[in-house]
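Student: One structure is given below, represented as structure tokens, and several questions about it will come after.
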Number of protein chains: 2
Amino acid sequence: MAIDHLDGRIILLLAREPRVGVLEMSRRLGVARGTVQARLDRLQSNGVIRGFGPQVDPAALGYPVTAFATLQIRQGQGADVRAHLATVPEVLELHTTTGTGDMLCRLVARSNADLQRVIDRVVGFDGIVRASTAIVMENPVPLRIIPLVEQAALGE
Amino acid sequence: MAIDHLDGRIILLLAREPRVGVLEMSRRLGVARGTVQARLDRLQSNGVIRGFGPQVDPAALGYPVTAFATLQIRQGQGADVRAHLATVPEVLELHTTTGTGDMLCRLVARSNADLQRVIDRVVGFDGIVRASTAIVMENPVPLRIIPLVEQAALGE
DNA sequence: CCAATCATTGGGCAACCTGCCCAGTCAGAT
DNA sequence: ATCTGACTGGGCAGGTTGCCCAATGATTGG
């Protein structure tokens, strides 16, 4: 399940230049094409690489405002709340957590004013007792995985 | 900047089957190949599509534990803290926010025990006054963008 | 209303890559 | 010693890409 150095280099290369083909990769990495192909197949069936879907920027889509909402749920309403939130397009992800709240969700909106609409839609649901929202001002470290891949590839 | 229906269908198709080529897409969408190519180029230079990097699963890499940490920062130490957190591979993203805390970051770790090490490393920095961590138990809605793309493609 | 501009179409071309196959080598495990 | 699995290097047909072109709407500004 863990990845070795070559796997790491493949992922790194793909992350930097997603367009490179298997043949070009094999040249850059100094291994045979079949090797890269086999590694890639393995990484994907492993689940290490989930896919190569397009990374879409919500801001460019007209949703420049991001926020995180911590939700407290009425006991036993968890499933209903999950189903509710899954139907809201502006809910980009949802986690159930330990700690202060019961759930944490990432929201986007067209503007700060629009965020109010989104929040109303999110919390306007019976099972949600309380919500506390933190609006994102800056994103100094965008979602990344490379450093972790490097660490995982070295440590094995 | 906004996307139209055809853009939406292109993104949707790419999200479902990242391996399809431009030619196959043009067949499926019933438009000329050049059109799909032009749209794709535009979507990428627009920044709507950031790229097609591999989506790596931290769990498959040996980091099955995810947590969110809310940090309170000593006044004026923001830049230092950002730089510090950027050097920690287990910090997958970092936001500065309004509200209770000053920053919110997503962490991963090899285990709950390992999470302690990560947190120590994260908060073991002078500018951080206080940290409150929420461990993710479940992820009912994994990071997604499709519903938003559909909405954006319809609304324009 | 006309002209200009832009997106789209349909076609063609050479170069390239992919998927698939094979045999041979090599190292580690049994 | 034998076997298994990974890697190599090679070949092949088919499909795709990147690039070009001329022609056709559709939209916009004059």
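Letters A, B, ... go to the chains of the structure tokens in the order shown; residues in each chain start at 1; ligands are counted from 1 in the same order.
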Residues near DT8 in chain D, anyone? I mean within 9 Å using only C-alpha atoms (C1' of nucleotides), not counting same-chain ones fewer than 3 positions away, as a list in words.
Tutor: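 With the cut-off at 9 Å, the set is Val31, Ala32, Arg33, Gly34 and Thr35 of chain A; DG24 and DT25 of chain C.
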Student: Write down, as a list in words, each residue of chain C that has any atom within 12 Å of an atom of chain A, counting only C-alpha atoms (C1' of nucleotides).
Tutor: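 The contacting residues on chain C are DC16, DC17, DT18, DG19, DC20 and DC21 of chain C.
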Student: Any chance you could export the current selection's C-alpha atoms (C1' of nucleotides) as a PDB file, in the first residue's frame?
Tutor:
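Contents of out.pdb, as written:
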ATOM      1  C1'  DC C  16       3.168  10.770 -32.029  1.00  0.00           C
ATOM      2  C1'  DC C  17       1.336   7.907 -28.449  1.00  0.00           C
ATOM      3  C1'  DT C  18      -1.347   4.183 -26.653  1.00  0.00           C
ATOM      4  C1'  DG C  19      -2.639  -0.514 -25.779  1.00  0.00           C
ATOM      5  C1'  DC C  20      -1.101  -4.847 -26.490  1.00  0.00           C
ATOM      6  C1'  DC C  21       1.961  -8.363 -27.329  1.00  0.00           C
TER       7       DC C  21
END
Student: Mind checking which residues fall within 9 Å of range 128-144 of chain B, counting only C-alpha atoms (C1' of nucleotides), ignoring those fewer than 6 positions away in the same chain, and posting them as an mmCIF file with C-alpha atoms, in the first residue's frame?
Tutor:
data_model
loop_
_atom_site.group_PDB
_atom_site.id
_atom_site.type_symbol
_atom_site.label_atom_id
_atom_site.label_comp_id
_atom_site.auth_asym_id
_atom_site.auth_seq_id
_atom_site.Cartn_x
_atom_site.Cartn_y
_atom_site.Cartn_z
ATOM 1 C CA ARG A 82 -26.083 14.816 5.934
ATOM 2 C CA ALA A 83 -28.702 14.141 3.302
ATOM 3 C CA LEU A 85 -26.377 19.198 3.071
ATOM 4 C CA ALA A 86 -25.562 16.863 0.204
ATOM 5 C CA PRO A 89 -24.407 22.686 -4.338
ATOM 6 C CA VAL A 91 -21.562 22.716 0.222
ATOM 7 C CA LEU A 92 -18.263 21.546 -1.203
ATOM 8 C CA GLU A 93 -17.449 19.085 1.529
ATOM 9 C CA LEU A 94 -18.795 17.852 4.807
ATOM 10 C CA HIS A 95 -17.107 16.120 7.704
ATOM 11 C CA THR A 96 -18.374 14.761 10.961
ATOM 12 C CA THR A 97 -15.953 15.587 13.722
ATOM 13 C CA THR A 98 -15.134 15.253 17.350
ATOM 14 C CA GLY A 99 -14.770 18.362 19.417
ATOM 15 C CA THR A 100 -16.817 21.512 19.720
ATOM 16 C CA GLY A 101 -19.183 20.954 16.834
ATOM 17 C CA MET A 103 -19.950 18.654 11.673
ATOM 18 C CA LEU A 104 -17.720 20.913 9.669
ATOM 19 C CA CYS A 105 -18.565 21.952 6.159
ATOM 20 C CA ARG A 106 -16.921 24.030 3.494
ATOM 21 C CA VAL B 65 -6.451 10.437 10.061
ATOM 22 C CA THR B 66 -7.697 13.892 9.126
ATOM 23 C CA ALA B 67 -8.230 16.800 11.494
ATOM 24 C CA PHE B 68 -9.011 20.475 11.386
ATOM 25 C CA ALA B 69 -7.182 22.826 13.704
ATOM 26 C CA THR B 70 -8.341 26.301 14.581
ATOM 27 C CA LEU B 71 -5.423 28.493 15.539
ATOM 28 C CA GLN B 72 -5.188 31.747 17.400
ATOM 29 C CA ILE B 73 -2.213 33.815 16.428
ATOM 30 C CA ARG B 74 -0.315 36.405 18.353
ATOM 31 C CA GLN B 77 3.035 36.919 13.878
ATOM 32 C CA GLY B 78 0.792 35.913 11.004
ATOM 33 C CA VAL B 81 3.090 31.271 11.329
ATOM 34 C CA GLY B 101 -9.868 31.639 15.432
ATOM 35 C CA ASN B 112 -4.473 9.244 16.342
ATOM 36 C CA ILE B 119 -0.170 18.927 16.342
ATOM 37 C CA VAL B 122 2.177 22.661 14.223
#
Student: Could you tell me which residues of chain D sit within 12 Å of chain A when counting only C-alpha atoms (C1' of nucleotides), and give me the result as a list in words?
Tutor: DA6, DC7, DT8, DG9, DG10 and DT17 of chain D
Student: With N, CA and C atoms (P, O5', C5', C4', C3', O3' and C1' of nucleotides) retained, could you export that selection as a PDB file, in the first residue's frame?
Tutor:
ATOM      1  P    DA D   6       4.876  -7.737  -9.211  1.00  0.00           P
ATOM      2  O5'  DA D   6       6.197  -7.030  -9.745  1.00  0.00           O
ATOM      3  C5'  DA D   6       7.243  -6.741  -8.824  1.00  0.00           C
ATOM      4  C4'  DA D   6       8.430  -6.190  -9.576  1.00  0.00           C
ATOM      5  C3'  DA D   6       8.077  -5.081 -10.575  1.00  0.00           C
ATOM      6  O3'  DA D   6       8.963  -3.989 -10.400  1.00  0.00           O
ATOM      7  C1'  DA D   6       9.277  -6.805 -11.666  1.00  0.00           C
ATOM      8  P    DC D   7       8.761  -2.667 -11.249  1.00  0.00           P
ATOM      9  O5'  DC D   7       9.828  -2.793 -12.425  1.00  0.00           O
ATOM     10  C5'  DC D   7      11.195  -3.031 -12.103  1.00  0.00           C
ATOM     11  C4'  DC D   7      11.955  -3.375 -13.362  1.00  0.00           C
ATOM     12  C3'  DC D   7      11.737  -2.403 -14.526  1.00  0.00           C
ATOM     13  O3'  DC D   7      12.934  -1.706 -14.808  1.00  0.00           O
ATOM     14  C1'  DC D   7      11.687  -4.677 -15.222  1.00  0.00           C
ATOM     15  P    DT D   8      12.991  -0.637 -15.992  1.00  0.00           P
ATOM     16  O5'  DT D   8      13.465  -1.487 -17.253  1.00  0.00           O
ATOM     17  C5'  DT D   8      14.659  -2.239 -17.179  1.00  0.00           C
ATOM     18  C4'  DT D   8      14.868  -3.014 -18.470  1.00  0.00           C
ATOM     19  C3'  DT D   8      14.762  -2.169 -19.740  1.00  0.00           C
ATOM     20  O3'  DT D   8      16.008  -2.181 -20.411  1.00  0.00           O
ATOM     21  C1'  DT D   8      13.547  -4.215 -19.923  1.00  0.00           C
ATOM     22  P    DG D   9      16.472  -1.010 -21.339  1.00  0.00           P
ATOM     23  O5'  DG D   9      16.084  -1.551 -22.788  1.00  0.00           O
ATOM     24  C5'  DG D   9      16.624  -2.787 -23.234  1.00  0.00           C
ATOM     25  C4'  DG D   9      15.853  -3.267 -24.440  1.00  0.00           C
ATOM     26  C3'  DG D   9      15.505  -2.166 -25.445  1.00  0.00           C
ATOM     27  O3'  DG D   9      15.957  -2.558 -26.729  1.00  0.00           O
ATOM     28  C1'  DG D   9      13.597  -3.470 -24.924  1.00  0.00           C
ATOM     29  P    DG D  10      15.990  -1.574 -27.940  1.00  0.00           P
ATOM     30  O5'  DG D  10      14.971  -2.247 -28.951  1.00  0.00           O
ATOM     31  C5'  DG D  10      14.971  -3.655 -29.105  1.00  0.00           C
ATOM     32  C4'  DG D  10      13.622  -4.138 -29.558  1.00  0.00           C
ATOM     33  C3'  DG D  10      12.910  -3.211 -30.534  1.00  0.00           C
ATOM     34  O3'  DG D  10      13.183  -3.617 -31.872  1.00  0.00           O
ATOM     35  C1'  DG D  10      11.422  -4.265 -28.945  1.00  0.00           C
ATOM     36  P    DT D  17      -7.184  13.213 -28.545  1.00  0.00           P
ATOM     37  O5'  DT D  17      -5.877  14.053 -28.867  1.00  0.00           O
ATOM     38  C5'  DT D  17      -4.657  13.683 -28.243  1.00  0.00           C
ATOM     39  C4'  DT D  17      -3.481  14.377 -28.934  1.00  0.00           C
ATOM     40  C3'  DT D  17      -3.654  15.895 -29.057  1.00  0.00           C
ATOM     41  O3'  DT D  17      -2.579  16.542 -28.404  1.00  0.00           O
ATOM     42  C1'  DT D  17      -3.045  14.905 -31.154  1.00  0.00           C
TER      43       DT D  17
END
Student: Would you mind telling me which residue in B:Gln55, B:Gln151, B:Ser111, B:Ser26 lies nearest to Ala2 in chain B when using only C-alpha atoms?
Tutor: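 The answer is B:Gln151, which sits nearest to Ala2 in chain B.
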Student: Please, which residues of range 59-144 of chain A, numbered as in this document, come out helix (DSSP H, G or I) from DSSP, as a ChimeraX atom specification?
Tutor: /A:59-61,78-86,112-123
Student: Store the residues of this selection in a file with N, CA and C atoms, as an mmCIF file, in the first residue's frame.
Tutor:
data_model
loop_
_atom_site.group_PDB
_atom_site.id
_atom_site.type_symbol
_atom_site.label_atom_id
_atom_site.label_comp_id
_atom_site.auth_asym_id
_atom_site.auth_seq_id
_atom_site.Cartn_x
_atom_site.Cartn_y
_atom_site.Cartn_z
ATOM 1 N N ALA A 59 -13.869 30.113 -7.527
ATOM 2 C CA ALA A 59 -13.800 31.559 -7.729
ATOM 3 C C ALA A 59 -14.016 31.904 -9.194
ATOM 4 N N ALA A 60 -13.381 31.148 -10.089
ATOM 5 C CA ALA A 60 -13.530 31.417 -11.514
ATOM 6 C C ALA A 60 -14.925 31.093 -12.005
ATOM 7 N N LEU A 61 -15.636 30.326 -11.218
ATOM 8 C CA LEU A 61 -17.006 29.966 -11.578
ATOM 9 C C LEU A 61 -17.991 31.013 -11.073
ATOM 10 N N GLY A 78 -28.433 13.124 12.619
ATOM 11 C CA GLY A 78 -27.238 13.174 11.781
ATOM 12 C C GLY A 78 -27.492 12.794 10.337
ATOM 13 N N ALA A 79 -28.162 11.670 10.139
ATOM 14 C CA ALA A 79 -28.370 11.180 8.773
ATOM 15 C C ALA A 79 -29.186 12.180 7.951
ATOM 16 N N ASP A 80 -30.197 12.744 8.581
ATOM 17 C CA ASP A 80 -31.036 13.700 7.863
ATOM 18 C C ASP A 80 -30.241 14.938 7.463
ATOM 19 N N VAL A 81 -29.432 15.404 8.396
ATOM 20 C CA VAL A 81 -28.643 16.593 8.111
ATOM 21 C C VAL A 81 -27.656 16.325 6.982
ATOM 22 N N ARG A 82 -27.013 15.168 7.014
ATOM 23 C CA ARG A 82 -26.083 14.816 5.934
ATOM 24 C C ARG A 82 -26.798 14.823 4.590
ATOM 25 N N ALA A 83 -27.955 14.207 4.564
ATOM 26 C CA ALA A 83 -28.702 14.141 3.302
ATOM 27 C C ALA A 83 -29.087 15.542 2.846
ATOM 28 N N HIS A 84 -29.464 16.361 3.783
ATOM 29 C CA HIS A 84 -29.841 17.735 3.445
ATOM 30 C C HIS A 84 -28.663 18.492 2.848
ATOM 31 N N LEU A 85 -27.543 18.431 3.525
ATOM 32 C CA LEU A 85 -26.377 19.198 3.071
ATOM 33 C C LEU A 85 -25.871 18.698 1.719
ATOM 34 N N ALA A 86 -26.039 17.412 1.481
ATOM 35 C CA ALA A 86 -25.562 16.863 0.204
ATOM 36 C C ALA A 86 -26.324 17.451 -0.974
ATOM 37 N N ASN A 112 -20.315 38.051 -0.112
ATOM 38 C CA ASN A 112 -20.610 37.964 1.308
ATOM 39 C C ASN A 112 -22.113 37.994 1.546
ATOM 40 N N ALA A 113 -22.787 38.807 0.744
ATOM 41 C CA ALA A 113 -24.243 38.855 0.887
ATOM 42 C C ALA A 113 -24.848 37.506 0.513
ATOM 43 N N ASP A 114 -24.335 36.944 -0.557
ATOM 44 C CA ASP A 114 -24.860 35.653 -1.002
ATOM 45 C C ASP A 114 -24.576 34.558 0.024
ATOM 46 N N LEU A 115 -23.498 34.745 0.767
ATOM 47 C CA LEU A 115 -23.171 33.753 1.784
ATOM 48 C C LEU A 115 -24.303 33.631 2.802
ATOM 49 N N GLN A 116 -24.941 34.750 3.050
ATOM 50 C CA GLN A 116 -26.065 34.704 3.981
ATOM 51 C C GLN A 116 -27.165 33.762 3.464
ATOM 52 N N ARG A 117 -27.429 33.861 2.171
ATOM 53 C CA ARG A 117 -28.420 32.980 1.564
ATOM 54 C C ARG A 117 -28.001 31.512 1.722
ATOM 55 N N VAL A 118 -26.724 31.247 1.425
ATOM 56 C CA VAL A 118 -26.239 29.871 1.522
ATOM 57 C C VAL A 118 -26.355 29.362 2.950
ATOM 58 N N ILE A 119 -25.933 30.191 3.885
ATOM 59 C CA ILE A 119 -25.992 29.763 5.284
ATOM 60 C C ILE A 119 -27.427 29.519 5.706
ATOM 61 N N ASP A 120 -28.299 30.404 5.287
ATOM 62 C CA ASP A 120 -29.707 30.199 5.629
ATOM 63 C C ASP A 120 -30.203 28.864 5.100
ATOM 64 N N ARG A 121 -29.789 28.586 3.885
ATOM 65 C CA ARG A 121 -30.243 27.326 3.296
ATOM 66 C C ARG A 121 -29.642 26.139 4.047
ATOM 67 N N VAL A 122 -28.381 26.286 4.439
ATOM 68 C CA VAL A 122 -27.711 25.193 5.139
ATOM 69 C C VAL A 122 -28.333 24.960 6.518
ATOM 70 N N VAL A 123 -28.468 26.033 7.272
ATOM 71 C CA VAL A 123 -28.908 25.844 8.658
ATOM 72 C C VAL A 123 -30.430 25.871 8.775
#
Student: Select, from A:Gly127, A:Pro147, A:Gly155, A:Gly76, the residue with the minimum atom-to-atom distance to chain B, counting only C-alpha atoms.
Tutor: A:Pro147
Student: Find the spatial neighbours of DA29 in chain C, counting only C-alpha atoms (C1' of nucleotides), within a cut-off of 12 Å - ignore same-chain residues fewer than 5 positions away - and output them as a list in words.
Tutor: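 The filter keeps DT2, DC3, DT4 and DG5 of chain D.
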Student: Next, dump the selected residues to file, keeping only C-alpha atoms (C1' of nucleotides), as a JSON list (two decimals), in the first residue's frame.
Tutor:
[["chain", "number", "residue", "atom", "x", "y", "z"],
["D", 2, "DT", "C1'", 13.46, -23.25, -9.02],
["D", 3, "DC", "C1'", 9.92, -20.07, -9.24],
["D", 4, "DT", "C1'", 7.63, -15.81, -9.04],
["D", 5, "DG", "C1'", 7.35, -11.02, -9.88]]
Student: For chain A, which of B:Asp126, B:Asp57, B:Asp7, B:Glu150 is the closest residue, counting only C-alpha atoms?
Tutor: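 Looking only at the distances to chain A, the closest residue turns out to be B:Asp57.
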Student: Between CA of Leu13 in chain A and CA of Glu90 in chain B, measure the distance and give it in Å to one decimal.
Tutor: 20.2 Å
